[in-house]
Amino acid sequence: MGTIAIGISICACGEPAASPVHGPNGHQYVPDHIAETLRPTQTYKPNYQRGRYQVKESRIVTTAKPAAGVDVKATVPGATKWKVWSLRASLTTSAIAANRVPHLQITDGPNGHVVTDFPAGNNQLAASTINYAAGAGVVAANFDNTLVFVLPVDVVLLQGWTLGFATTALDAGDQWTALALLVTETLYF
């Protein structure tokens, strides 16, 4: 490893020695050894920068069940991006009289900008349970106690971005279930 003027050690791959591409035994994700570290559902390819790799996997991501009166959302972890294929969650409303209107929202995370906002096609009444689902390429519908949203084609969420629901008139006794998403997850090393 060489050293540059400000004292940061640089590996021959061009990355700082403290970079996540380096493990205790050298580079963690190199073409000769990557097959040993991947699950059967994962694929990899070299990234556009020397010494970096992408690992892709299609998988289900679930969130924890939020507290009563709190909307449900998922946040993309660092060094990751998600291509979202579908999602599902349910909202059970309390007996407090008010119409709830869940909005499927994508935000750019820490910046707080709402990138996409799709309100539900119907109000949800008090003391009821509705399943909310979304998918790329589906038709919006409301049947069999399920309301279906249409996801824009090729939804890609960057690290720190969120996908979830923001509910108009959400009551303190209303309860969302955990959010389940089908994503293609790309990790960058």
# chains A, B, ... in the order shown; residues from 1 in each chain; ligands from 1
call {"tool": "residues_around", "arguments": {"residues": "segment 117-129 of chain A", "least_positions_apart": "2", "cutoff": "8 Å", "atoms": "only C-alpha atoms", "output": "ChimeraX atom specification"}}
result
/A:90-106,114-115,131,142,145,147,149
call {"tool": "write_last_selection", "arguments": {"atoms": "N, CA and C atoms", "output": "compact mmCIF listing (two decimals), in the first residue's frame"}}
result
# COMPACT_ATOMS: atom_id res chain seq x y z
N SER A 90 -51.21 -4.07 5.74
CA SER A 90 -52.63 -3.94 6.10
C SER A 90 -52.78 -2.86 7.16
N LEU A 91 -53.92 -2.18 7.11
CA LEU A 91 -54.24 -1.17 8.11
C LEU A 91 -55.54 -1.56 8.79
N THR A 92 -55.51 -1.66 10.12
CA THR A 92 -56.72 -1.90 10.92
C THR A 92 -57.00 -0.61 11.66
N THR A 93 -58.18 -0.05 11.41
CA THR A 93 -58.53 1.24 12.01
C THR A 93 -59.31 1.04 13.30
N SER A 94 -59.17 1.99 14.20
CA SER A 94 -59.89 1.97 15.48
C SER A 94 -61.36 2.33 15.24
N ALA A 95 -62.14 2.31 16.30
CA ALA A 95 -63.57 2.63 16.19
C ALA A 95 -63.82 4.14 16.16
N ILE A 96 -62.79 4.96 16.29
CA ILE A 96 -62.95 6.42 16.25
C ILE A 96 -63.42 6.81 14.85
N ALA A 97 -64.55 7.52 14.79
CA ALA A 97 -65.15 7.86 13.50
C ALA A 97 -64.31 8.88 12.74
N ALA A 98 -63.81 8.48 11.60
CA ALA A 98 -63.08 9.35 10.66
C ALA A 98 -62.69 8.48 9.48
N ASN A 99 -62.66 9.09 8.32
CA ASN A 99 -62.19 8.37 7.14
C ASN A 99 -60.68 8.52 7.05
N ARG A 100 -59.99 7.39 6.89
CA ARG A 100 -58.54 7.41 6.71
C ARG A 100 -58.23 7.28 5.23
N VAL A 101 -57.19 7.96 4.78
CA VAL A 101 -56.76 7.87 3.38
C VAL A 101 -55.26 7.59 3.35
N PRO A 102 -54.87 6.32 3.19
CA PRO A 102 -53.44 6.01 3.08
C PRO A 102 -52.88 6.51 1.74
N HIS A 103 -51.69 7.08 1.80
CA HIS A 103 -50.96 7.51 0.61
C HIS A 103 -49.69 6.67 0.53
N LEU A 104 -49.46 6.04 -0.61
CA LEU A 104 -48.20 5.34 -0.83
C LEU A 104 -47.18 6.40 -1.23
N GLN A 105 -46.11 6.53 -0.43
CA GLN A 105 -45.13 7.60 -0.65
C GLN A 105 -43.71 7.07 -0.78
N ILE A 106 -42.97 7.72 -1.66
CA ILE A 106 -41.53 7.54 -1.76
C ILE A 106 -40.90 8.88 -1.41
N VAL A 114 -40.87 14.53 -0.86
CA VAL A 114 -41.76 13.46 -1.31
C VAL A 114 -41.60 13.36 -2.83
N VAL A 115 -41.08 12.23 -3.28
CA VAL A 115 -40.82 12.02 -4.70
C VAL A 115 -42.08 11.54 -5.41
N ASN A 131 -56.33 -4.47 3.21
CA ASN A 131 -55.00 -4.85 2.73
C ASN A 131 -54.62 -3.87 1.63
N ASN A 142 -59.80 -2.42 -6.49
CA ASN A 142 -60.28 -2.50 -5.13
C ASN A 142 -61.28 -3.64 -5.07
N ASN A 145 -61.43 -6.98 -0.26
CA ASN A 145 -60.85 -6.29 0.89
C ASN A 145 -59.39 -5.88 0.67
N LEU A 147 -56.89 -3.13 -1.62
CA LEU A 147 -56.76 -2.00 -2.52
C LEU A 147 -55.39 -2.07 -3.16
N PHE A 149 -52.43 -0.51 -5.55
CA PHE A 149 -51.80 0.68 -6.14
C PHE A 149 -50.95 0.25 -7.33
call {"tool": "select_by_dssp", "arguments": {"residues": "segment 64-184 of chain A", "states": "strand (DSSP E or B)", "output": "number ranges by chain"}}
result
A: 73-75, 80-92, 100-107, 114-119, 124, 129-136, 141-143, 146-151, 155-157, 162-168, 175-176, 180-184
call {"tool": "residues_around", "arguments": {"residues": "Thr80 of chain A", "least_positions_apart": "3", "cutoff": "10 Å", "atoms": "only C-alpha atoms", "output": "list in words"}}
result
Gln54, Val55, Lys56, Val76, Pro77, Leu157, Leu158, Gln159, Gly160, Glu185, Thr186, Leu187, Tyr188 and Phe189 of chain A
call {"tool": "residues_around", "arguments": {"residues": "Thr162 of chain A", "least_positions_apart": "6", "cutoff": "7 Å", "atoms": "only C-alpha atoms", "output": "MDAnalysis selection string"}}
result
chainID A and resid 73:76 106:109
call {"tool": "residues_around", "arguments": {"residues": "Ala133 of chain A", "least_positions_apart": "4", "cutoff": "9 Å", "atoms": "only C-alpha atoms", "output": "mmCIF file with N, CA and C atoms, in the first residue's frame"}}
result
data_model
loop_
_atom_site.group_PDB
_atom_site.id
_atom_site.type_symbol
_atom_site.label_atom_id
_atom_site.label_comp_id
_atom_site.auth_asym_id
_atom_site.auth_seq_id
_atom_site.Cartn_x
_atom_site.Cartn_y
_atom_site.Cartn_z
ATOM 1 N N SER A 86 -42.935 -5.203 -5.822
ATOM 2 C CA SER A 86 -44.261 -5.218 -5.204
ATOM 3 C C SER A 86 -44.132 -4.994 -3.704
ATOM 4 N N LEU A 87 -45.268 -4.715 -3.065
ATOM 5 C CA LEU A 87 -45.301 -4.530 -1.624
ATOM 6 C C LEU A 87 -46.682 -4.861 -1.100
ATOM 7 N N ARG A 88 -46.750 -5.069 0.222
ATOM 8 C CA ARG A 88 -48.029 -5.365 0.863
ATOM 9 C C ARG A 88 -47.968 -4.991 2.336
ATOM 10 N N ALA A 89 -49.094 -4.429 2.833
ATOM 11 C CA ALA A 89 -49.292 -4.131 4.249
ATOM 12 C C ALA A 89 -50.794 -4.019 4.489
ATOM 13 N N SER A 90 -51.213 -4.072 5.742
ATOM 14 C CA SER A 90 -52.628 -3.944 6.099
ATOM 15 C C SER A 90 -52.780 -2.864 7.160
ATOM 16 N N THR A 146 -58.996 -5.730 -0.598
ATOM 17 C CA THR A 146 -57.638 -5.318 -0.937
ATOM 18 C C THR A 146 -57.688 -4.146 -1.904
ATOM 19 N N LEU A 147 -56.892 -3.130 -1.617
ATOM 20 C CA LEU A 147 -56.765 -2.000 -2.518
ATOM 21 C C LEU A 147 -55.389 -2.074 -3.163
ATOM 22 N N VAL A 148 -55.357 -2.051 -4.492
ATOM 23 C CA VAL A 148 -54.112 -2.219 -5.229
ATOM 24 C C VAL A 148 -53.680 -0.882 -5.826
ATOM 25 N N PHE A 149 -52.428 -0.505 -5.550
ATOM 26 C CA PHE A 149 -51.800 0.676 -6.135
ATOM 27 C C PHE A 149 -50.952 0.247 -7.326
ATOM 28 N N VAL A 150 -50.757 1.151 -8.258
ATOM 29 C CA VAL A 150 -49.849 0.897 -9.377
ATOM 30 C C VAL A 150 -48.513 1.566 -9.056
#
call {"tool": "atom_distance", "arguments": {"atom1": "atom CA of Ser58 of chain A", "atom2": "atom CA of Leu151 of chain A"}}
result
17.4 Å
call {"tool": "atom_distance", "arguments": {"atom1": "atom CA of Leu181 of chain A", "atom2": "atom CA of Val156 of chain A"}}
result
12.8 Å
